[in-house]
file target03.txt (compact mmCIF, C-alpha atoms and all ligand atoms)
# COMPACT_ATOMS: atom_id res chain seq x y z
CA MET A 1 104.03 63.56 100.36
CA PRO A 2 105.34 66.91 99.01
CA ILE A 3 103.95 70.16 100.43
CA PRO A 4 100.98 71.22 98.27
CA ASN A 5 102.08 73.80 95.69
CA ILE A 6 98.71 75.52 95.23
CA ILE A 7 96.46 75.87 98.26
CA ALA A 8 92.88 77.19 97.92
CA ILE A 9 90.96 78.52 100.92
CA ASP A 10 87.30 79.33 100.36
CA GLY A 11 84.39 80.20 102.62
CA PRO A 12 81.91 82.94 103.54
CA ALA A 13 82.78 86.42 104.86
CA ALA A 14 84.66 86.50 108.18
CA SER A 15 85.05 82.74 108.44
CA GLY A 16 88.76 83.17 109.26
CA LYS A 17 90.14 82.56 105.75
CA SER A 18 92.56 85.49 105.77
CA THR A 19 93.89 84.77 109.25
CA LEU A 20 94.54 81.16 108.29
CA GLY A 21 95.94 82.09 104.87
CA ARG A 22 98.37 84.67 106.21
CA ARG A 23 99.73 82.33 108.87
CA LEU A 24 100.08 79.46 106.46
CA ALA A 25 101.83 81.66 103.89
CA ASP A 26 104.29 82.84 106.58
CA SER A 27 104.91 79.30 107.74
CA LEU A 28 105.45 77.85 104.25
CA GLY A 29 107.12 80.93 102.71
CA TYR A 30 104.33 81.12 100.11
CA LEU A 31 102.57 84.09 98.52
CA PHE A 32 99.32 85.04 100.28
CA PHE A 33 96.71 86.28 97.84
CA ASP A 34 93.29 87.40 99.08
CA THR A 35 91.15 87.63 95.91
CA GLY A 36 88.32 89.48 97.71
CA VAL A 37 90.39 92.68 97.58
CA MET A 38 90.14 92.68 93.78
CA TYR A 39 86.32 92.71 93.91
CA ARG A 40 86.55 95.41 96.56
CA ALA A 41 88.93 97.49 94.41
CA VAL A 42 86.50 97.40 91.45
CA THR A 43 83.60 98.32 93.77
CA TRP A 44 85.50 101.26 95.25
CA GLY A 45 86.48 102.40 91.75
CA ALA A 46 82.86 102.25 90.60
CA LEU A 47 81.63 104.29 93.59
CA GLN A 48 84.47 106.77 93.18
CA ARG A 49 83.63 107.33 89.51
CA GLY A 50 79.93 107.75 90.36
CA LEU A 51 78.89 104.67 88.35
CA GLU A 52 75.51 103.11 89.11
CA ILE A 53 76.31 99.80 90.81
CA ASN A 54 73.46 98.13 88.91
CA ASP A 55 74.89 99.32 85.57
CA GLU A 56 76.45 95.95 84.77
CA ALA A 57 78.05 97.09 81.49
CA ALA A 58 79.80 100.09 83.06
CA VAL A 59 81.03 98.16 86.11
CA THR A 60 82.24 95.30 83.88
CA ASN A 61 84.07 97.74 81.63
CA LEU A 62 85.82 99.13 84.70
CA ALA A 63 86.88 95.63 85.82
CA GLU A 64 88.23 94.91 82.33
CA THR A 65 90.21 98.13 81.98
CA ALA A 66 91.34 99.16 85.49
CA ARG A 67 94.82 98.16 86.59
CA ILE A 68 94.60 96.40 89.94
CA ASP A 69 97.91 95.65 91.64
CA ILE A 70 98.29 93.61 94.79
CA ARG A 71 101.79 93.71 96.23
CA PRO A 72 103.51 92.94 99.54
CA PRO A 73 102.78 95.57 102.24
CA THR A 74 104.91 98.73 102.08
CA ARG A 75 103.44 100.13 105.32
CA GLU A 76 103.21 98.55 108.74
CA ASP A 77 99.66 99.60 109.55
CA GLY A 78 98.05 96.19 109.85
CA ARG A 79 97.53 95.65 106.11
CA ALA A 80 98.14 92.19 104.62
CA CYS A 81 99.12 93.68 101.27
CA ASP A 82 98.98 96.95 99.31
CA VAL A 83 96.00 97.32 96.98
CA LEU A 84 96.46 99.77 94.11
CA LEU A 85 93.91 100.88 91.55
CA ASP A 86 95.53 102.55 88.54
CA GLY A 87 98.59 103.24 90.66
CA VAL A 88 96.73 104.79 93.64
CA ASP A 89 96.98 103.09 97.05
CA ILE A 90 93.38 102.30 98.07
CA THR A 91 94.16 99.58 100.64
CA TRP A 92 92.01 100.97 103.45
CA GLU A 93 89.35 102.43 101.15
CA THR A 94 88.48 98.86 100.13
CA ARG A 95 87.36 98.21 103.75
CA ARG A 96 84.85 101.08 103.84
CA SER A 97 81.22 100.27 104.68
CA ASP A 98 79.93 101.57 101.32
CA VAL A 99 82.30 99.14 99.57
CA GLU A 100 81.17 96.34 101.88
CA ALA A 101 77.51 97.10 101.08
CA ASN A 102 78.05 97.03 97.29
CA VAL A 103 80.72 94.41 96.70
CA SER A 104 78.40 91.39 96.53
CA PRO A 105 76.31 92.68 93.59
CA VAL A 106 79.51 93.74 91.78
CA SER A 107 81.05 90.30 92.29
CA ALA A 108 77.90 88.63 90.90
CA TYR A 109 78.50 90.12 87.40
CA ARG A 110 79.72 87.49 84.95
CA GLY A 111 82.08 89.85 83.09
CA VAL A 112 83.60 91.16 86.31
CA ARG A 113 84.26 87.60 87.49
CA GLN A 114 85.75 86.58 84.15
CA ALA A 115 88.14 89.55 84.12
CA LEU A 116 89.31 89.10 87.70
CA ALA A 117 89.40 85.29 87.74
CA ALA A 118 91.68 85.28 84.67
CA GLN A 119 94.20 87.48 86.51
CA GLN A 120 93.90 85.36 89.66
CA ARG A 121 94.46 82.15 87.74
CA ARG A 122 97.58 83.51 86.05
CA ILE A 123 99.08 84.40 89.43
CA GLY A 124 97.97 81.14 91.06
CA LEU A 125 99.50 78.92 88.41
CA ARG A 126 102.95 80.25 89.32
CA GLY A 127 102.60 78.07 92.41
CA ARG A 128 103.78 78.39 96.03
CA VAL A 129 100.61 80.29 96.66
CA ILE A 130 97.77 80.39 99.19
CA MET A 131 94.78 81.83 97.38
CA VAL A 132 91.76 82.91 99.41
CA GLY A 133 88.24 83.61 98.11
CA ARG A 134 84.85 82.09 97.35
CA ASP A 135 85.45 80.13 94.14
CA ILE A 136 89.15 79.31 94.16
CA GLY A 137 88.75 75.55 94.59
CA THR A 138 85.72 75.34 92.29
CA VAL A 139 86.50 77.74 89.43
CA VAL A 140 89.75 79.74 89.61
CA LEU A 141 92.14 76.89 90.44
CA PRO A 142 90.23 73.59 90.38
CA GLU A 143 93.60 71.82 90.10
CA ALA A 144 94.71 73.16 93.54
CA ASP A 145 96.64 70.52 95.48
CA LEU A 146 94.85 71.27 98.75
CA LYS A 147 91.40 72.84 99.12
CA ILE A 148 90.09 74.08 102.44
CA TYR A 149 86.55 75.33 103.02
CA LEU A 150 86.14 77.31 106.27
CA ASP A 151 82.68 77.83 107.67
CA ALA A 152 80.95 79.27 110.78
CA SER A 153 77.47 80.56 111.62
CA ALA A 154 76.43 84.04 110.44
CA GLU A 155 76.15 85.18 114.09
CA GLU A 156 79.71 84.15 114.93
CA ARG A 157 81.10 85.72 111.76
CA ALA A 158 79.19 88.98 112.39
CA ARG A 159 80.58 89.06 115.93
CA ARG A 160 84.13 88.80 114.54
CA ARG A 161 83.54 91.50 111.90
CA TYR A 162 82.01 93.73 114.59
CA GLN A 163 85.08 93.30 116.86
CA GLU A 164 87.40 94.01 113.92
CA ILE A 165 85.65 97.32 113.22
CA LEU A 166 85.84 98.36 116.90
CA GLN A 167 89.52 97.37 117.09
CA ARG A 168 90.27 99.62 114.12
CA GLY A 169 88.66 102.48 116.06
CA GLY A 170 85.45 102.47 114.02
CA GLN A 171 81.83 102.44 115.16
CA ALA A 172 79.32 99.73 114.39
CA ASP A 173 76.01 98.26 115.37
CA TYR A 174 76.08 94.45 115.78
CA GLY A 175 72.57 94.04 114.35
CA GLN A 176 73.54 95.95 111.21
CA VAL A 177 76.76 93.98 110.81
CA LEU A 178 74.80 90.72 111.11
CA ASP A 179 72.29 91.96 108.54
CA GLY A 180 75.14 92.81 106.17
CA VAL A 181 76.76 89.39 106.60
CA ARG A 182 73.45 87.63 105.92
CA LYS A 183 72.77 89.72 102.81
CA ARG A 184 76.24 89.02 101.42
CA ASP A 185 75.88 85.28 102.18
CA GLU A 186 72.60 85.23 100.32
CA ILE A 187 73.96 86.99 97.22
CA ASP A 188 77.32 85.13 97.22
CA SER A 189 75.75 81.69 97.52
CA THR A 190 72.78 82.12 95.17
CA ARG A 191 74.39 84.03 92.27
CA ALA A 192 74.29 82.32 88.88
CA VAL A 193 78.03 82.57 88.21
CA SER A 194 80.48 80.71 90.52
CA PRO A 195 78.30 80.66 93.65
CA LEU A 196 79.96 80.15 97.02
CA ARG A 197 80.09 76.41 97.74
CA PRO A 198 82.73 73.88 98.79
CA ALA A 199 84.52 71.97 96.03
CA GLY A 200 83.74 68.23 96.07
CA ASP A 201 87.30 67.47 97.16
CA ALA A 202 87.61 70.26 99.77
CA VAL A 203 88.37 69.63 103.44
CA ILE A 204 85.56 71.38 105.32
CA LEU A 205 86.45 72.91 108.70
CA ASP A 206 84.06 74.61 111.12
CA SER A 207 85.89 77.64 112.55
CA GLU A 208 83.21 77.99 115.23
CA LYS A 209 84.15 74.71 116.86
CA LEU A 210 87.89 75.29 116.38
CA ASN A 211 89.80 78.44 117.36
CA ALA A 212 92.27 80.09 114.96
CA ASP A 213 95.24 78.14 116.39
CA GLU A 214 93.42 74.82 116.06
CA VAL A 215 92.40 75.55 112.46
CA PHE A 216 95.99 76.49 111.62
CA THR A 217 97.44 73.38 113.28
CA LYS A 218 95.02 71.12 111.42
CA VAL A 219 95.71 72.66 108.03
CA GLU A 220 99.46 72.79 108.59
CA ALA A 221 99.36 69.08 109.40
CA LEU A 222 97.53 68.48 106.11
CA CYS A 223 100.33 70.35 104.29
CA ARG A 224 103.36 68.68 105.79
O1 LIG B 301 86.44 88.08 101.30
P1 LIG B 301 85.89 89.49 101.16
O2 LIG B 301 84.88 89.85 102.20
O3 LIG B 301 86.97 90.51 101.04
O4 LIG B 301 85.13 89.47 99.76
C1 LIG B 301 84.47 90.59 99.25
C2 LIG B 301 83.37 90.15 98.28
O5 LIG B 301 83.94 89.63 97.09
C3 LIG B 301 82.40 89.10 98.80
O6 LIG B 301 81.09 89.64 98.86
C4 LIG B 301 82.43 87.98 97.83
C5 LIG B 301 83.29 88.44 96.71
N1 LIG B 301 84.31 87.46 96.33
C6 LIG B 301 84.00 86.58 95.34
O7 LIG B 301 82.86 86.58 94.86
N2 LIG B 301 84.92 85.70 94.89
C7 LIG B 301 86.14 85.67 95.42
N3 LIG B 301 87.05 84.80 94.95
C8 LIG B 301 86.48 86.56 96.48
C9 LIG B 301 85.53 87.44 96.92
call {"tool": "encode", "arguments": {"input": "target03.txt", "output": "structure tokens"}}
result
Amino acid sequence: MPIPNIIAIDGPAASGKSTLGRRLADSLGYLFFDTGVMYRAVTWGALQRGLEINDEAAVTNLAETARIDIRPPTREDGRACDVLLDGVDITWETRRSDVEANVSPVSAYRGVRQALAAQQRRIGLRGRVIMVGRDIGTVVLPEADLKIYLDASAEERARRRYQEILQRGGQADYGQVLDGVRKRDEIDSTRAVSPLRPAGDAVILDSEKLNADEVFTKVEALCR
């Protein structure tokens, strides 16, 4: 069996999608593309411009007109890729807590999703790609050759996010992180447009029962 050309990895926040995707992309020599950063870039842009996050028309217009570029990392500071909005490097800004708190409502807007998914699909169809998100296997690239859905409990995912923040030298309260994860889960999985759910033909893996190495080994075996 040939190595799958297009690989989709979906799942909720902090389920280990990026860790798996980056390793798999390194191992196969494929492009790693985390689509969540595009929703984060639009959210940061909206906050920066002082737009009301619940002004759907204004936020959608921004998603349709802003130039978002994702390119291989030019700095060795732990980033998986560079994220540029209209030519400005906003890689770390997209991780800010105000972006995190507002990205779910932004990504629930139909027009925002249409604008970003069209760009994602164009890139994905070039092949040799690991695309990570919430709706890659269901909407963006339903023809993907391999679809993985990674899951874990909200508590476990909040614990990971909390550790990540501390490791980057930030401060956090576990209870607040857990609250944030639950809120995002709720919005991401109940929104009308492309809700978070596994594709019918996805391989579902529980990253709570398997550590990162075990998840990687399983998925690599599925690829080769
Ligand atoms: O994976 P992440 O935490 O960087 O994603 C940020 C937000 O973007 C998350 O709330 C869900 C949304 N998202 C989405 O709706 N569809 C995608 N393909 C990727 C992310």
call {"tool": "residues_near_ligand", "arguments": {"input": "target03.txt", "ligand": "ligand LIG 301 (chain B)", "cutoff": "7 Å", "atoms": "only C-alpha atoms and all ligand atoms", "output": "ChimeraX atom specification"}}
result
/A:13-14,35-37,39-40,103-104,107-108,132-136,184,188
call {"tool": "closest_residue", "arguments": {"input": "target03.txt", "among": "A:Asp98, A:Tyr162, A:Asp55, A:Ala115", "to": "Ile68 (chain A)", "atoms": "only C-alpha atoms"}}
result
A:Ala115
call {"tool": "atom_distance", "arguments": {"input": "target03.txt", "atom1": "CA of Val129 (chain A)", "atom2": "CA of Leu28 (chain A)"}}
result
9.3 Å
call {"tool": "closest_residue", "arguments": {"input": "target03.txt", "among": "A:Glu100, A:Leu125, A:Met38, A:Arg22", "to": "Arg79 (chain A)", "atoms": "only C-alpha atoms"}}
result
A:Arg22
call {"tool": "closest_residue", "arguments": {"input": "target03.txt", "among": "A:Phe32, A:Phe216, A:Tyr174, A:Tyr149", "to": "Cys81 (chain A)", "atoms": "all atoms listed in the file"}}
result
A:Phe32
call {"tool": "closest_residue", "arguments": {"input": "target03.txt", "among": "A:Leu47, A:Leu24, A:Ile53, A:Ala152", "to": "Asp206 (chain A)", "atoms": "all atoms listed in the file"}}
result
A:Ala152
call {"tool": "closest_residue", "arguments": {"input": "target03.txt", "among": "A:Glu76, A:Asp26, A:Asp151, A:Asp179", "to": "Ile204 (chain A)", "atoms": "all atoms listed in the file"}}
result
A:Asp151
call {"tool": "residues_around", "arguments": {"input": "target03.txt", "residues": "Arg224 (chain A)", "least_positions_apart": "4", "cutoff": "8 Å", "atoms": "all atoms listed in the file", "output": "PyMOL selection string"}}
result
chain A and resi 1-3+220
call {"tool": "closest_residue", "arguments": {"input": "target03.txt", "among": "A:Leu31, A:Thr94, A:Val88, A:Ala202", "to": "Ala144 (chain A)", "atoms": "only C-alpha atoms"}}
result
A:Ala202
call {"tool": "atom_distance", "arguments": {"input": "target03.txt", "atom1": "CA of Arg157 (chain A)", "atom2": "CA of Val215 (chain A)"}}
result
15.2 Å
call {"tool": "residues_around", "arguments": {"input": "target03.txt", "residues": "Glu186 (chain A)", "least_positions_apart": "6", "cutoff": "10 Å", "atoms": "all atoms listed in the file", "output": "list in words"}}
result
Ser104, Gly180, Pro195 and Leu196 of chain A
call {"tool": "build_atoms", "arguments": {"input": "target03.txt", "residues": "region 67-100 of chain A", "atoms": "N, CA and C atoms", "output": "tab-separated table (two decimals), keeping the file's coordinate frame"}}
result
chain	number	residue	atom	x	y	z
A	67	ARG	N	93.63	98.92	86.22
A	67	ARG	CA	94.82	98.16	86.59
A	67	ARG	C	94.81	97.94	88.10
A	68	ILE	N	94.60	96.70	88.51
A	68	ILE	CA	94.60	96.40	89.94
A	68	ILE	C	95.92	95.72	90.27
A	69	ASP	N	96.65	96.29	91.21
A	69	ASP	CA	97.91	95.65	91.64
A	69	ASP	C	97.81	95.28	93.11
A	70	ILE	N	98.21	94.06	93.40
A	70	ILE	CA	98.29	93.61	94.79
A	70	ILE	C	99.77	93.30	95.02
A	71	ARG	N	100.36	93.95	96.00
A	71	ARG	CA	101.79	93.71	96.23
A	71	ARG	C	102.05	93.60	97.73
A	72	PRO	N	103.21	93.07	98.12
A	72	PRO	CA	103.51	92.94	99.54
A	72	PRO	C	103.41	94.30	100.24
A	73	PRO	N	103.05	94.30	101.54
A	73	PRO	CA	102.78	95.57	102.24
A	73	PRO	C	104.00	96.49	102.29
A	74	THR	N	103.81	97.77	101.98
A	74	THR	CA	104.91	98.73	102.08
A	74	THR	C	104.76	99.57	103.34
A	75	ARG	N	103.62	99.40	104.06
A	75	ARG	CA	103.44	100.13	105.32
A	75	ARG	C	103.06	99.15	106.41
A	76	GLU	N	103.53	99.43	107.62
A	76	GLU	CA	103.21	98.55	108.74
A	76	GLU	C	102.02	99.13	109.49
A	77	ASP	N	100.84	99.07	108.88
A	77	ASP	CA	99.66	99.60	109.55
A	77	ASP	C	98.57	98.54	109.64
A	78	GLY	N	99.00	97.29	109.67
A	78	GLY	CA	98.05	96.19	109.85
A	78	GLY	C	97.57	95.60	108.55
A	79	ARG	N	97.98	96.16	107.41
A	79	ARG	CA	97.53	95.65	106.11
A	79	ARG	C	98.24	94.33	105.76
A	80	ALA	N	97.53	93.45	105.05
A	80	ALA	CA	98.14	92.19	104.62
A	80	ALA	C	98.91	92.39	103.33
A	81	CYS	N	98.47	93.39	102.54
A	81	CYS	CA	99.12	93.68	101.27
A	81	CYS	C	98.72	95.10	100.87
A	82	ASP	N	99.41	95.66	99.88
A	82	ASP	CA	98.98	96.95	99.31
A	82	ASP	C	97.99	96.64	98.19
A	83	VAL	N	96.95	97.45	98.09
A	83	VAL	CA	96.00	97.32	96.98
A	83	VAL	C	96.04	98.64	96.21
A	84	LEU	N	96.38	98.56	94.93
A	84	LEU	CA	96.46	99.77	94.11
A	84	LEU	C	95.48	99.69	92.95
A	85	LEU	N	94.81	100.79	92.71
A	85	LEU	CA	93.91	100.88	91.55
A	85	LEU	C	94.47	101.98	90.66
A	86	ASP	N	94.87	101.62	89.46
A	86	ASP	CA	95.53	102.55	88.54
A	86	ASP	C	96.62	103.35	89.26
A	87	GLY	N	97.41	102.64	90.03
A	87	GLY	CA	98.59	103.24	90.66
A	87	GLY	C	98.32	103.95	91.99
A	88	VAL	N	97.05	104.07	92.40
A	88	VAL	CA	96.73	104.79	93.64
A	88	VAL	C	96.50	103.77	94.77
A	89	ASP	N	97.12	104.00	95.92
A	89	ASP	CA	96.98	103.09	97.05
A	89	ASP	C	95.58	103.25	97.66
A	90	ILE	N	94.76	102.22	97.55
A	90	ILE	CA	93.38	102.30	98.07
A	90	ILE	C	93.14	101.20	99.11
A	91	THR	N	94.25	100.72	99.72
A	91	THR	CA	94.16	99.58	100.64
A	91	THR	C	93.03	99.73	101.67
A	92	TRP	N	93.00	100.84	102.38
A	92	TRP	CA	92.01	100.97	103.45
A	92	TRP	C	90.64	101.39	102.91
A	93	GLU	N	90.64	102.07	101.76
A	93	GLU	CA	89.35	102.43	101.15
A	93	GLU	C	88.53	101.18	100.83
A	94	THR	N	89.22	100.07	100.50
A	94	THR	CA	88.48	98.86	100.13
A	94	THR	C	87.74	98.25	101.32
A	95	ARG	N	88.02	98.74	102.53
A	95	ARG	CA	87.36	98.21	103.75
A	95	ARG	C	86.19	99.08	104.16
A	96	ARG	N	85.92	100.17	103.43
A	96	ARG	CA	84.85	101.08	103.84
A	96	ARG	C	83.48	100.40	103.80
A	97	SER	N	82.53	100.93	104.60
A	97	SER	CA	81.22	100.27	104.68
A	97	SER	C	80.44	100.38	103.37
A	98	ASP	N	80.66	101.48	102.60
A	98	ASP	CA	79.93	101.57	101.32
A	98	ASP	C	80.47	100.54	100.32
A	99	VAL	N	81.75	100.20	100.43
A	99	VAL	CA	82.30	99.14	99.57
A	99	VAL	C	81.70	97.80	100.00
A	100	GLU	N	81.71	97.58	101.31
A	100	GLU	CA	81.17	96.34	101.88
A	100	GLU	C	79.71	96.13	101.45
